[in-house]
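Visitor: Got a file for you: final.cif, mmCIF, C-alpha atoms and all ligand atoms.
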```cif
data_target
loop_
_atom_site.group_PDB
_atom_site.id
_atom_site.type_symbol
_atom_site.label_atom_id
_atom_site.label_comp_id
_atom_site.auth_asym_id
_atom_site.auth_seq_id
_atom_site.Cartn_x
_atom_site.Cartn_y
_atom_site.Cartn_z
ATOM 1 C CA MET H 106 1.445 12.948 19.382
ATOM 2 C CA PRO H 107 -1.191 13.584 16.670
ATOM 3 C CA GLU H 108 -4.008 15.559 18.357
ATOM 4 C CA HIS H 109 -6.746 13.394 16.955
ATOM 5 C CA LEU H 110 -6.475 9.646 16.446
ATOM 6 C CA ARG H 111 -8.401 9.007 13.245
ATOM 7 C CA LEU H 112 -10.905 6.176 12.987
ATOM 8 C CA GLY H 113 -11.224 4.456 9.633
ATOM 9 C CA VAL H 114 -14.304 2.255 9.528
ATOM 10 C CA ASN H 115 -13.844 -0.824 7.372
ATOM 11 C CA ILE H 116 -17.202 -1.729 5.800
ATOM 12 C CA ASP H 117 -16.172 -4.941 3.991
ATOM 13 C CA HIS H 118 -18.344 -7.176 6.114
ATOM 14 C CA VAL H 119 -21.501 -5.241 5.392
ATOM 15 C CA ALA H 120 -20.880 -6.448 1.848
ATOM 16 C CA THR H 121 -20.156 -9.972 3.128
ATOM 17 C CA ILE H 122 -23.647 -10.122 4.620
ATOM 18 C CA ARG H 123 -25.239 -8.626 1.511
ATOM 19 C CA ASN H 124 -23.445 -11.115 -0.708
ATOM 20 C CA ALA H 125 -24.719 -14.054 1.357
ATOM 21 C CA ARG H 126 -28.048 -13.493 -0.406
ATOM 22 C CA GLY H 127 -26.774 -11.834 -3.549
ATOM 23 C CA GLY H 128 -29.118 -8.851 -3.326
ATOM 24 C CA ARG H 129 -28.584 -5.229 -2.396
ATOM 25 C CA HIS H 130 -29.220 -5.275 1.350
ATOM 26 C CA PRO H 131 -27.408 -4.332 3.536
ATOM 27 C CA ASP H 132 -25.756 -1.662 1.405
ATOM 28 C CA PRO H 133 -22.125 -0.861 2.347
ATOM 29 C CA VAL H 134 -22.524 2.680 0.984
ATOM 30 C CA ARG H 135 -25.357 3.277 3.438
ATOM 31 C CA ALA H 136 -23.076 1.954 6.195
ATOM 32 C CA ALA H 137 -20.366 4.386 5.072
ATOM 33 C CA ARG H 138 -22.828 7.269 5.271
ATOM 34 C CA LEU H 139 -23.828 6.211 8.767
ATOM 35 C CA ALA H 140 -20.187 5.845 9.809
ATOM 36 C CA ALA H 141 -19.569 9.414 8.646
ATOM 37 C CA ALA H 142 -22.442 10.641 10.796
ATOM 38 C CA CYS H 143 -21.108 8.740 13.838
ATOM 39 C CA GLY H 144 -17.612 10.193 13.937
ATOM 40 C CA ALA H 145 -15.605 8.097 11.481
ATOM 41 C CA ASP H 146 -12.775 10.024 9.865
ATOM 42 C CA GLY H 147 -12.487 7.757 6.869
ATOM 43 C CA ILE H 148 -13.886 4.680 5.161
ATOM 44 C CA THR H 149 -11.775 1.642 4.404
ATOM 45 C CA ALA H 150 -12.730 -0.989 1.849
ATOM 46 C CA HIS H 151 -10.789 -3.951 0.503
ATOM 47 C CA LEU H 152 -11.457 -4.902 -3.094
ATOM 48 C CA ARG H 153 -10.223 -8.479 -3.066
ATOM 49 C CA GLU H 154 -9.208 -10.282 -6.216
ATOM 50 C CA ASP H 155 -12.056 -12.785 -5.703
ATOM 51 C CA ARG H 156 -14.581 -9.958 -4.920
ATOM 52 C CA ARG H 157 -15.814 -11.945 -1.954
ATOM 53 C CA HIS H 158 -17.138 -8.817 -0.241
ATOM 54 C CA MET H 159 -16.708 -5.402 -1.891
ATOM 55 C CA THR H 160 -17.426 -5.219 -5.619
ATOM 56 C CA ASP H 161 -16.143 -2.864 -8.283
ATOM 57 C CA GLY H 162 -19.556 -1.185 -8.245
ATOM 58 C CA ASP H 163 -19.282 -0.612 -4.472
ATOM 59 C CA ILE H 164 -15.962 1.166 -4.915
ATOM 60 C CA GLU H 165 -17.398 3.334 -7.680
ATOM 61 C CA ARG H 166 -20.350 4.302 -5.482
ATOM 62 C CA LEU H 167 -18.161 4.998 -2.456
ATOM 63 C CA ILE H 168 -16.003 7.342 -4.516
ATOM 64 C CA ALA H 169 -19.041 9.084 -5.998
ATOM 65 C CA ASP H 170 -21.283 9.307 -2.913
ATOM 66 C CA ILE H 171 -19.125 9.495 0.207
ATOM 67 C CA GLU H 172 -17.322 12.655 1.220
ATOM 68 C CA LEU H 173 -15.015 11.005 3.754
ATOM 69 C CA PRO H 174 -11.590 9.983 2.492
ATOM 70 C CA LEU H 175 -11.566 6.442 1.087
ATOM 71 C CA ASN H 176 -8.715 4.124 1.989
ATOM 72 C CA LEU H 177 -8.688 1.373 -0.656
ATOM 73 C CA GLU H 178 -7.032 -1.825 0.513
ATOM 74 C CA MET H 179 -5.527 -3.666 -2.423
ATOM 75 C CA ALA H 180 -3.166 -6.449 -3.353
ATOM 76 C CA ALA H 181 -0.038 -5.545 -5.292
ATOM 77 C CA THR H 182 -1.363 -6.703 -8.663
ATOM 78 C CA ASP H 183 -1.630 -4.913 -11.989
ATOM 79 C CA GLU H 184 -5.407 -5.303 -11.977
ATOM 80 C CA MET H 185 -5.752 -3.543 -8.596
ATOM 81 C CA LEU H 186 -3.228 -0.891 -9.552
ATOM 82 C CA GLY H 187 -5.287 -0.065 -12.642
ATOM 83 C CA ILE H 188 -8.460 0.216 -10.545
ATOM 84 C CA ALA H 189 -6.780 2.448 -7.954
ATOM 85 C CA LEU H 190 -5.306 4.726 -10.606
ATOM 86 C CA ARG H 191 -8.701 5.013 -12.275
ATOM 87 C CA HIS H 192 -10.554 5.953 -9.076
ATOM 88 C CA CYS H 193 -7.811 7.882 -7.274
ATOM 89 C CA PRO H 194 -8.956 7.224 -3.699
ATOM 90 C CA HIS H 195 -7.469 9.387 -0.961
ATOM 91 C CA ALA H 196 -5.285 6.475 0.188
ATOM 92 C CA ALA H 197 -4.318 2.966 -0.872
ATOM 93 C CA CYS H 198 -3.154 0.380 1.627
ATOM 94 C CA ILE H 199 -1.217 -2.441 -0.009
ATOM 95 C CA VAL H 200 -1.930 -5.747 1.692
ATOM 96 C CA PRO H 201 -0.807 -9.317 1.062
ATOM 97 C CA GLU H 202 -3.549 -11.470 -0.353
ATOM 98 C CA ARG H 203 -3.997 -15.199 -0.647
ATOM 99 C CA ARG H 204 -7.252 -16.600 -1.975
ATOM 100 C CA GLN H 205 -7.449 -19.364 0.614
ATOM 101 C CA GLU H 206 -7.134 -17.063 3.622
ATOM 102 C CA ARG H 207 -10.221 -16.000 5.531
ATOM 103 C CA THR H 208 -8.893 -12.489 6.107
ATOM 104 C CA THR H 209 -5.564 -10.683 5.734
ATOM 105 C CA GLU H 210 -3.613 -13.081 7.890
ATOM 106 C CA GLY H 211 -0.195 -11.474 8.014
ATOM 107 C CA GLY H 212 1.717 -8.399 6.956
ATOM 108 C CA LEU H 213 3.296 -7.673 3.627
ATOM 109 C CA ASP H 214 6.894 -8.832 3.218
ATOM 110 C CA VAL H 215 8.289 -5.455 2.171
ATOM 111 C CA ALA H 216 11.854 -6.391 3.138
ATOM 112 C CA GLY H 217 11.779 -9.411 0.830
ATOM 113 C CA GLY H 218 9.800 -7.726 -1.949
ATOM 114 C CA ARG H 219 11.184 -4.216 -2.300
ATOM 115 C CA ASP H 220 11.893 -4.503 -6.021
ATOM 116 C CA ARG H 221 8.369 -5.710 -6.755
ATOM 117 C CA LEU H 222 6.598 -3.211 -4.470
ATOM 118 C CA VAL H 223 8.440 -0.009 -5.329
ATOM 119 C CA ARG H 224 6.650 0.173 -8.703
ATOM 120 C CA PHE H 225 3.266 0.235 -6.926
ATOM 121 C CA VAL H 226 4.354 2.860 -4.398
ATOM 122 C CA ASP H 227 5.703 5.068 -7.170
ATOM 123 C CA ALA H 228 2.699 4.725 -9.489
ATOM 124 C CA LEU H 229 0.132 5.398 -6.749
ATOM 125 C CA SER H 230 2.124 8.281 -5.268
ATOM 126 C CA ALA H 231 2.499 9.883 -8.679
ATOM 127 C CA LYS H 232 -1.292 10.178 -8.812
ATOM 128 C CA GLY H 233 -1.393 11.821 -5.376
ATOM 129 C CA ILE H 234 -2.700 8.675 -3.618
ATOM 130 C CA ARG H 235 -1.306 8.316 -0.097
ATOM 131 C CA VAL H 236 0.265 4.864 0.035
ATOM 132 C CA SER H 237 0.453 2.745 3.127
ATOM 133 C CA LEU H 238 1.966 -0.709 3.486
ATOM 134 C CA PHE H 239 0.317 -3.205 5.851
ATOM 135 C CA ILE H 240 3.158 -4.845 7.752
ATOM 136 C CA GLU H 241 3.997 -6.841 10.846
ATOM 137 C CA PRO H 242 5.362 -4.646 13.649
ATOM 138 C CA GLU H 243 8.994 -5.449 12.785
ATOM 139 C CA ALA H 244 11.909 -3.038 12.391
ATOM 140 C CA ARG H 245 13.127 -4.592 9.136
ATOM 141 C CA GLN H 246 9.717 -4.171 7.489
ATOM 142 C CA ILE H 247 9.484 -0.552 8.639
ATOM 143 C CA GLU H 248 12.962 0.230 7.351
ATOM 144 C CA ALA H 249 12.159 -1.384 4.009
ATOM 145 C CA ALA H 250 8.905 0.608 3.741
ATOM 146 C CA ALA H 251 10.809 3.846 4.320
ATOM 147 C CA ALA H 252 13.505 2.788 1.856
ATOM 148 C CA ILE H 253 11.007 2.344 -0.988
ATOM 149 C CA GLY H 254 9.378 5.705 -0.287
ATOM 150 C CA ALA H 255 6.060 4.714 1.312
ATOM 151 C CA PRO H 256 4.824 7.657 3.421
ATOM 152 C CA VAL H 257 2.668 5.480 5.709
ATOM 153 C CA VAL H 258 2.807 2.046 7.336
ATOM 154 C CA GLU H 259 -0.114 0.237 8.920
ATOM 155 C CA LEU H 260 0.888 -2.133 11.710
ATOM 156 C CA HIS H 261 -0.904 -5.485 11.893
ATOM 157 C CA THR H 262 -2.473 -5.640 15.363
ATOM 158 C CA GLY H 263 -3.827 -9.194 15.026
ATOM 159 C CA ALA H 264 -1.211 -10.852 17.232
ATOM 160 C CA TYR H 265 -1.879 -8.389 20.055
ATOM 161 C CA CYS H 266 -5.658 -8.549 19.733
ATOM 162 C CA GLU H 267 -5.629 -12.363 19.746
ATOM 163 C CA ALA H 268 -3.009 -12.748 22.485
ATOM 164 C CA GLY H 269 -3.928 -14.285 25.818
ATOM 165 C CA ALA H 270 -3.163 -12.438 29.040
ATOM 166 C CA GLY H 271 0.323 -13.991 29.199
ATOM 167 C CA ASP H 272 1.469 -12.845 25.760
ATOM 168 C CA ALA H 273 -0.409 -9.532 25.463
ATOM 169 C CA PRO H 274 2.256 -7.337 27.141
ATOM 170 C CA ALA H 275 4.955 -8.622 24.775
ATOM 171 C CA GLN H 276 2.730 -8.131 21.719
ATOM 172 C CA LEU H 277 1.830 -4.611 22.843
ATOM 173 C CA ALA H 278 5.511 -3.831 23.378
ATOM 174 C CA ARG H 279 6.192 -4.942 19.774
ATOM 175 C CA LEU H 280 3.544 -2.514 18.527
ATOM 176 C CA GLU H 281 4.903 0.320 20.675
ATOM 177 C CA ALA H 282 8.463 -0.247 19.482
ATOM 178 C CA ALA H 283 7.372 -0.461 15.858
ATOM 179 C CA ALA H 284 5.296 2.730 16.075
ATOM 180 C CA ALA H 285 8.257 4.561 17.610
ATOM 181 C CA ALA H 286 10.601 3.214 14.915
ATOM 182 C CA ALA H 287 8.211 4.335 12.166
ATOM 183 C CA ALA H 288 7.981 7.829 13.647
ATOM 184 C CA ALA H 289 11.771 8.033 13.938
ATOM 185 C CA LEU H 290 11.993 7.360 10.191
ATOM 186 C CA GLY H 291 9.391 10.052 9.462
ATOM 187 C CA LEU H 292 6.622 7.617 8.535
ATOM 188 C CA GLU H 293 2.987 8.162 9.452
ATOM 189 C CA CYS H 294 1.843 5.135 11.379
ATOM 190 C CA HIS H 295 -1.576 3.443 11.334
ATOM 191 C CA ALA H 296 -2.727 0.209 12.934
ATOM 192 C CA GLY H 297 -5.483 -2.310 12.440
ATOM 193 C CA HIS H 298 -6.819 -5.853 12.389
ATOM 194 C CA GLY H 299 -8.871 -7.563 15.039
ATOM 195 C CA ILE H 300 -9.372 -4.461 17.180
ATOM 196 C CA ALA H 301 -12.347 -4.669 19.554
ATOM 197 C CA PHE H 302 -13.647 -2.681 22.528
ATOM 198 C CA ASP H 303 -11.408 -4.584 24.941
ATOM 199 C CA SER H 304 -8.216 -4.178 22.902
ATOM 200 C CA VAL H 305 -8.538 -0.653 21.501
ATOM 201 C CA GLY H 306 -7.439 1.267 24.607
ATOM 202 C CA PRO H 307 -3.795 0.161 24.871
ATOM 203 C CA ILE H 308 -3.387 0.517 21.090
ATOM 204 C CA ALA H 309 -4.940 3.995 21.013
ATOM 205 C CA ARG H 310 -2.549 5.081 23.760
ATOM 206 C CA ILE H 311 0.479 4.507 21.525
ATOM 207 C CA PRO H 312 1.309 8.171 21.005
ATOM 208 C CA THR H 313 2.703 8.114 17.471
ATOM 209 C CA LEU H 314 -0.267 6.317 15.920
ATOM 210 C CA ALA H 315 -2.342 8.562 13.659
ATOM 211 C CA GLU H 316 -5.129 6.211 12.535
ATOM 212 C CA LEU H 317 -6.853 2.942 13.437
ATOM 213 C CA ASN H 318 -8.745 0.901 10.850
ATOM 214 C CA ILE H 319 -11.468 -1.243 12.359
ATOM 215 C CA GLY H 320 -14.060 -3.416 10.663
ATOM 216 C CA HIS H 321 -15.107 -6.918 11.641
ATOM 217 C CA PHE H 322 -15.778 -6.224 15.312
ATOM 218 C CA LEU H 323 -17.871 -3.126 14.562
ATOM 219 C CA ILE H 324 -20.042 -4.924 12.027
ATOM 220 C CA GLY H 325 -20.457 -7.877 14.402
ATOM 221 C CA GLU H 326 -21.303 -5.615 17.316
ATOM 222 C CA ALA H 327 -23.838 -3.816 15.133
ATOM 223 C CA ILE H 328 -25.972 -6.978 15.218
ATOM 224 C CA PHE H 329 -26.463 -6.521 18.952
ATOM 225 C CA ASP H 330 -26.342 -2.793 19.464
ATOM 226 C CA GLY H 331 -26.599 -1.060 16.100
ATOM 227 C CA LEU H 332 -23.787 0.239 13.916
ATOM 228 C CA ASP H 333 -24.158 3.822 15.092
ATOM 229 C CA ARG H 334 -23.730 2.908 18.762
ATOM 230 C CA ALA H 335 -20.855 0.539 18.008
ATOM 231 C CA ILE H 336 -18.926 3.223 16.098
ATOM 232 C CA ARG H 337 -19.674 5.944 18.656
ATOM 233 C CA ARG H 338 -18.507 3.668 21.491
ATOM 234 C CA MET H 339 -15.280 2.841 19.656
ATOM 235 C CA ARG H 340 -14.705 6.558 19.046
ATOM 236 C CA GLU H 341 -15.255 7.293 22.758
ATOM 237 C CA LEU H 342 -12.822 4.575 23.818
ATOM 238 C CA MET H 343 -10.188 5.914 21.431
ATOM 239 C CA ASP H 344 -10.648 9.485 22.672
ATOM 240 C CA ALA H 345 -10.567 8.400 26.331
ATOM 241 C CA ALA H 346 -7.333 6.455 25.760
ATOM 242 C CA ARG H 347 -5.724 9.485 24.117
ATOM 243 C CA ARG H 348 -6.833 11.741 26.989
ATOM 244 C CA ASP H 349 -5.312 9.310 29.525
ATOM 245 C CA GLU H 350 -2.108 9.148 27.537
ATOM 246 C CA ARG H 351 -1.839 12.940 27.400
ATOM 247 C CA ALA H 352 -2.569 13.255 31.107
ATOM 248 C CA SER H 353 0.124 10.737 32.034
ATOM 249 C CA ALA H 354 2.794 12.036 29.623
ATOM 250 C CA PRO H 355 5.683 13.884 31.303
ATOM 251 C CA ALA H 356 5.247 17.696 31.054
HETATM 252 N N1 LIG G 401 -6.351 -2.996 8.241
HETATM 253 C C1 LIG G 401 -6.092 -3.834 7.205
HETATM 254 C C2 LIG G 401 -4.925 -3.525 6.348
HETATM 255 C C3 LIG G 401 -6.918 -4.944 6.949
HETATM 256 O O1 LIG G 401 -6.634 -5.758 5.915
HETATM 257 C C4 LIG G 401 -8.035 -5.158 7.758
HETATM 258 C C5 LIG G 401 -8.943 -6.320 7.468
HETATM 259 O O2 LIG G 401 -9.533 -6.162 6.243
HETATM 260 C C6 LIG G 401 -8.286 -4.250 8.793
HETATM 261 C C7 LIG G 401 -7.415 -3.197 9.036
HETATM 262 C C8 LIG G 401 -9.476 -4.376 9.673
HETATM 263 O O3 LIG G 401 -9.447 -5.553 10.389
HETATM 264 P P1 LIG G 401 -10.747 -6.028 11.165
HETATM 265 O O4 LIG G 401 -11.823 -6.241 10.156
HETATM 266 O O5 LIG G 401 -10.299 -7.265 11.855
HETATM 267 O O6 LIG G 401 -11.093 -4.911 12.132
#
```
Show me the file's structure as structure tokens.
Ligand code: PXP

Guide:
Amino acid sequence: MPEHLRLGVNIDHVATIRNARGGRHPDPVRAARLAAACGADGITAHLREDRRHMTDGDIERLIADIELPLNLEMAATDEMLGIALRHCPHAACIVPERRQERTTEGGLDVAGGRDRLVRFVDALSAKGIRVSLFIEPEARQIEAAAAIGAPVVELHTGAYCEAGAGDAPAQLARLEAAAAAAAALGLECHAGHGIAFDSVGPIARIPTLAELNIGHFLIGEAIFDGLDRAIRRMRELMDAARRDERASAPA
């Protein structure tokens, strides 16, 4: 089990609020600085094709001003590939993207799109960018990710986080099985989407996960309690879950 479960804070929705008025406040780079001070291990930002939240200028400033590793979420398009290769973020997470969707609604179909995706994995990796593929927690997607040489997969946690009490155990079991399958193939495994205070514990206890990427809930919670307290609380819940997991693991 990785000693420390990393927290990547996704700051997209700071930009969403800024863009509602078209000015400069609130500044996502300031949020990234605050996240760094509150225990985040990395910053995640999604430059969408329609630039609905982060802008090209935001990405430039994050690269220039923030010392934490940047995980750039991007669609598999030539435009985004060019931007990633120009900025060389620490990591790039390839996500599916449809303009009509409100957020990233499902995982990438790696199994059905190997030939198209391998070019992106190769080009990013050649520049030293750590590539992850955002996928549903399914064995065939994990196997396809390994087959095209991606070093990391990020499991979509939306179905678990949105599940009612009846379906949650089955959705959690899917995540656990997928994380174990990824580890067995030598992949680093991340998880994210929809994670909140009440759902983070069981996810953080999955022993082979190395990183969680969390955004919307933290920015929403910041309205009530401040971003610093929201991030610190999430960090505490992650650490407590890992401690429990270690304590209950067979010696
Ligand atoms: N991971 C990936 C790949 C995502 O696309 C998103 C949403 O942008 C997240 C994590 C974070 O999801 P949320 O904002 O629901 O916490």

Visitor: When the cut-off is 6 Å and you count only C-alpha atoms and all ligand atoms, which residues lie near ligand LIG 401 (chain G), shown as a PDB file with C-alpha atoms, in the frame of the given file?

Guide:
```pdb
ATOM      1  CA  VAL H 200      -1.930  -5.747   1.692  1.00  0.00           C
ATOM      2  CA  THR H 209      -5.564 -10.683   5.734  1.00  0.00           C
ATOM      3  CA  PHE H 239       0.317  -3.205   5.851  1.00  0.00           C
ATOM      4  CA  GLY H 297      -5.483  -2.310  12.440  1.00  0.00           C
ATOM      5  CA  HIS H 298      -6.819  -5.853  12.389  1.00  0.00           C
ATOM      6  CA  GLY H 299      -8.871  -7.563  15.039  1.00  0.00           C
ATOM      7  CA  ILE H 300      -9.372  -4.461  17.180  1.00  0.00           C
ATOM      8  CA  ASN H 318      -8.745   0.901  10.850  1.00  0.00           C
ATOM      9  CA  ILE H 319     -11.468  -1.243  12.359  1.00  0.00           C
ATOM     10  CA  GLY H 320     -14.060  -3.416  10.663  1.00  0.00           C
ATOM     11  CA  HIS H 321     -15.107  -6.918  11.641  1.00  0.00           C
ATOM     12  CA  PHE H 322     -15.778  -6.224  15.312  1.00  0.00           C
TER      13      PHE H 322
END
```

Visitor: What residues come out when you apply the PyMOL selection byres (((chain H and resi 343) around 10) and not hetatm) to this file, written as a list of chain:residue names?

Guide: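 Output of the PyMOL selection byres (((chain H and resi 343) around 10) and not hetatm): H:His109, H:Leu110, H:Arg111, H:Leu112, H:Phe302, H:Val305, H:Gly306, H:Pro307, H:Ile308, H:Ala309, H:Arg310, H:Leu317, H:Arg337, H:Arg338, H:Met339, H:Arg340, H:Glu341, H:Leu342, H:Asp344, H:Ala345, H:Ala346, H:Arg347, H:Arg348.
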
Visitor: Going by the chain IDs and residue numbers used in this file, which residues fall under the PyMOL selection byres (((chain H and resi 120-133) around 9) and not hetatm)? Write them as a list in words.

Guide: Ile116, Asp117, His118, Val119, Val134, Arg135, Ala136, Ala137, Arg138, Arg157, His158, Met159, Thr160, Asp163 and Leu167 of chain H

Visitor: With distances taken over all atoms listed in the file, which of H:Thr149, H:Gly291, H:Ile247, H:Glu241 is nearest to Pro201 in chain H?

Guide: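 Distance minimum relative to Pro201 in chain H lands on H:Glu241.
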
Visitor: List, as a ChimeraX atom specification, every residue that the PyMOL selection byres (((chain H and resi 191) around 12) and not hetatm) selects in the file provided.

Guide: /H:161,164-165,168,184-190,192-194,228-229,232,234

Visitor: What does the distance between CA of Cys294 in chain H and CA of Leu260 in chain H come to in Å, to one decimal place?

Guide: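 Calculated distance between CA of Cys294 in chain H and CA of Leu260 in chain H is 7.3 Å.
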
Visitor: What is the CA of Ala169 in chain H to CA of Val226 in chain H distance in Å?

Guide: 24.3 Å

Visitor: Env of Ala141 in chain H: 9 Å cut, atoms = only C-alpha atoms, seq-sep filter 3 positions within chain, self excluded. Answer as a list of chain:residue names.

Guide: H:Val114, H:Ala136, H:Ala137, H:Arg138, H:Gly144, H:Ala145, H:Asp146, H:Gly147, H:Ile148, H:Ile171, H:Glu172, H:Leu173

Visitor: List the spatial neighbours of Asp214 in chain H as a PyMOL selection string - criterion: any atom at most 12 Å away, only C-alpha atoms, same-chain residues fewer than 5 positions off excluded.

Guide: chain H and resi 181+199-202+219-222+238-250

Visitor: From the set H:Gln276, H:Ser237, H:Thr262, H:Thr182, which residue has the shortest atom-to-atom contact distance to Cys198 in chain H, counting only C-alpha atoms?

Guide: H:Ser237

Visitor: Just give me the gap between CA of Phe225 in chain H and CA of Gly263 in chain H in Å, one decimal is fine.

Guide: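 Separating CA of Phe225 in chain H from CA of Gly263 in chain H is a distance of 24.9 Å.
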
Visitor: My list of candidates is H:Gly254, H:Glu259, H:Arg235, H:Arg153. Which is closest to Pro174 in chain H when distances are computed with only C-alpha atoms?

Guide: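 Of H:Gly254, H:Glu259, H:Arg235, H:Arg153, the one nearest Pro174 in chain H is H:Arg235, counting only C-alpha atoms.
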
Visitor: May I have the centre and edge lengths, in Å to one decimal, of an axis-aligned box around the listed atoms of range 206-224 of chain H with 3 Å added to every side, as JSON?

Guide:
```
{"center_x": 0.8, "center_y": -8.4, "center_z": -0.3, "size_x": 28.1, "size_y": 23.2, "size_z": 22.7}
```

Visitor: Using only C-alpha atoms, which residue out of H:Asp303, H:Ala251, H:Arg279, H:Glu293 lies closest to Cys266 in chain H?

Guide: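 Result for the nearest residue to Cys266 in chain H: H:Asp303.
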
Visitor: All heavy atoms for range 221-227 of chain H, written as a PDB file, in the frame of the given file, could you do that?

Guide:
```pdb
ATOM      1  N   ARG H 221       9.706  -5.526  -6.183  1.00  0.00           N
ATOM      2  CA  ARG H 221       8.369  -5.710  -6.755  1.00  0.00           C
ATOM      3  C   ARG H 221       7.437  -4.578  -6.312  1.00  0.00           C
ATOM      4  O   ARG H 221       6.631  -4.074  -7.077  1.00  0.00           O
ATOM      5  CB  ARG H 221       7.812  -7.055  -6.266  1.00  0.00           C
ATOM      6  CG  ARG H 221       6.630  -7.573  -7.036  1.00  0.00           C
ATOM      7  CD  ARG H 221       6.282  -8.970  -6.555  1.00  0.00           C
ATOM      8  NE  ARG H 221       5.694  -8.970  -5.229  1.00  0.00           N
ATOM      9  CZ  ARG H 221       4.413  -8.742  -4.977  1.00  0.00           C
ATOM     10  NH1 ARG H 221       3.582  -8.484  -5.973  1.00  0.00           N
ATOM     11  NH2 ARG H 221       3.943  -8.771  -3.758  1.00  0.00           N
ATOM     12  N   LEU H 222       7.569  -4.146  -5.038  1.00  0.00           N
ATOM     13  CA  LEU H 222       6.598  -3.211  -4.470  1.00  0.00           C
ATOM     14  C   LEU H 222       6.861  -1.757  -4.841  1.00  0.00           C
ATOM     15  O   LEU H 222       5.937  -0.944  -4.892  1.00  0.00           O
ATOM     16  CB  LEU H 222       6.575  -3.352  -2.942  1.00  0.00           C
ATOM     17  CG  LEU H 222       5.948  -4.658  -2.460  1.00  0.00           C
ATOM     18  CD1 LEU H 222       6.223  -4.872  -0.973  1.00  0.00           C
ATOM     19  CD2 LEU H 222       4.439  -4.657  -2.717  1.00  0.00           C
ATOM     20  N   VAL H 223       8.115  -1.420  -5.109  1.00  0.00           N
ATOM     21  CA  VAL H 223       8.440  -0.009  -5.329  1.00  0.00           C
ATOM     22  C   VAL H 223       7.649   0.570  -6.514  1.00  0.00           C
ATOM     23  O   VAL H 223       7.214   1.719  -6.498  1.00  0.00           O
ATOM     24  CB  VAL H 223       9.974   0.184  -5.491  1.00  0.00           C
ATOM     25  CG1 VAL H 223      10.485  -0.392  -6.788  1.00  0.00           C
ATOM     26  CG2 VAL H 223      10.329   1.654  -5.353  1.00  0.00           C
ATOM     27  N   ARG H 224       7.415  -0.256  -7.515  1.00  0.00           N
ATOM     28  CA  ARG H 224       6.650   0.173  -8.703  1.00  0.00           C
ATOM     29  C   ARG H 224       5.229   0.611  -8.300  1.00  0.00           C
ATOM     30  O   ARG H 224       4.700   1.587  -8.819  1.00  0.00           O
ATOM     31  CB  ARG H 224       6.595  -1.017  -9.674  1.00  0.00           C
ATOM     32  CG  ARG H 224       5.815  -0.797 -10.916  1.00  0.00           C
ATOM     33  CD  ARG H 224       6.112  -1.903 -11.910  1.00  0.00           C
ATOM     34  NE  ARG H 224       5.552  -3.196 -11.564  1.00  0.00           N
ATOM     35  CZ  ARG H 224       4.293  -3.563 -11.836  1.00  0.00           C
ATOM     36  NH1 ARG H 224       3.475  -2.726 -12.448  1.00  0.00           N
ATOM     37  NH2 ARG H 224       3.856  -4.766 -11.513  1.00  0.00           N
ATOM     38  N   PHE H 225       4.625  -0.104  -7.364  1.00  0.00           N
ATOM     39  CA  PHE H 225       3.266   0.235  -6.926  1.00  0.00           C
ATOM     40  C   PHE H 225       3.275   1.526  -6.114  1.00  0.00           C
ATOM     41  O   PHE H 225       2.419   2.394  -6.295  1.00  0.00           O
ATOM     42  CB  PHE H 225       2.666  -0.925  -6.112  1.00  0.00           C
ATOM     43  CG  PHE H 225       2.394  -2.139  -6.947  1.00  0.00           C
ATOM     44  CD1 PHE H 225       3.370  -3.100  -7.169  1.00  0.00           C
ATOM     45  CD2 PHE H 225       1.154  -2.304  -7.554  1.00  0.00           C
ATOM     46  CE1 PHE H 225       3.122  -4.200  -7.966  1.00  0.00           C
ATOM     47  CE2 PHE H 225       0.898  -3.414  -8.352  1.00  0.00           C
ATOM     48  CZ  PHE H 225       1.890  -4.367  -8.563  1.00  0.00           C
ATOM     49  N   VAL H 226       4.263   1.641  -5.227  1.00  0.00           N
ATOM     50  CA  VAL H 226       4.354   2.860  -4.398  1.00  0.00           C
ATOM     51  C   VAL H 226       4.541   4.066  -5.312  1.00  0.00           C
ATOM     52  O   VAL H 226       3.864   5.091  -5.164  1.00  0.00           O
ATOM     53  CB  VAL H 226       5.525   2.742  -3.381  1.00  0.00           C
ATOM     54  CG1 VAL H 226       5.687   4.047  -2.609  1.00  0.00           C
ATOM     55  CG2 VAL H 226       5.287   1.581  -2.417  1.00  0.00           C
ATOM     56  N   ASP H 227       5.416   3.940  -6.276  1.00  0.00           N
ATOM     57  CA  ASP H 227       5.703   5.068  -7.170  1.00  0.00           C
ATOM     58  C   ASP H 227       4.483   5.443  -8.005  1.00  0.00           C
ATOM     59  O   ASP H 227       4.142   6.621  -8.139  1.00  0.00           O
ATOM     60  CB  ASP H 227       6.865   4.713  -8.125  1.00  0.00           C
ATOM     61  CG  ASP H 227       8.202   4.713  -7.398  1.00  0.00           C
ATOM     62  OD1 ASP H 227       8.242   5.175  -6.237  1.00  0.00           O
ATOM     63  OD2 ASP H 227       9.186   4.225  -7.983  1.00  0.00           O
TER      64      ASP H 227
END
```
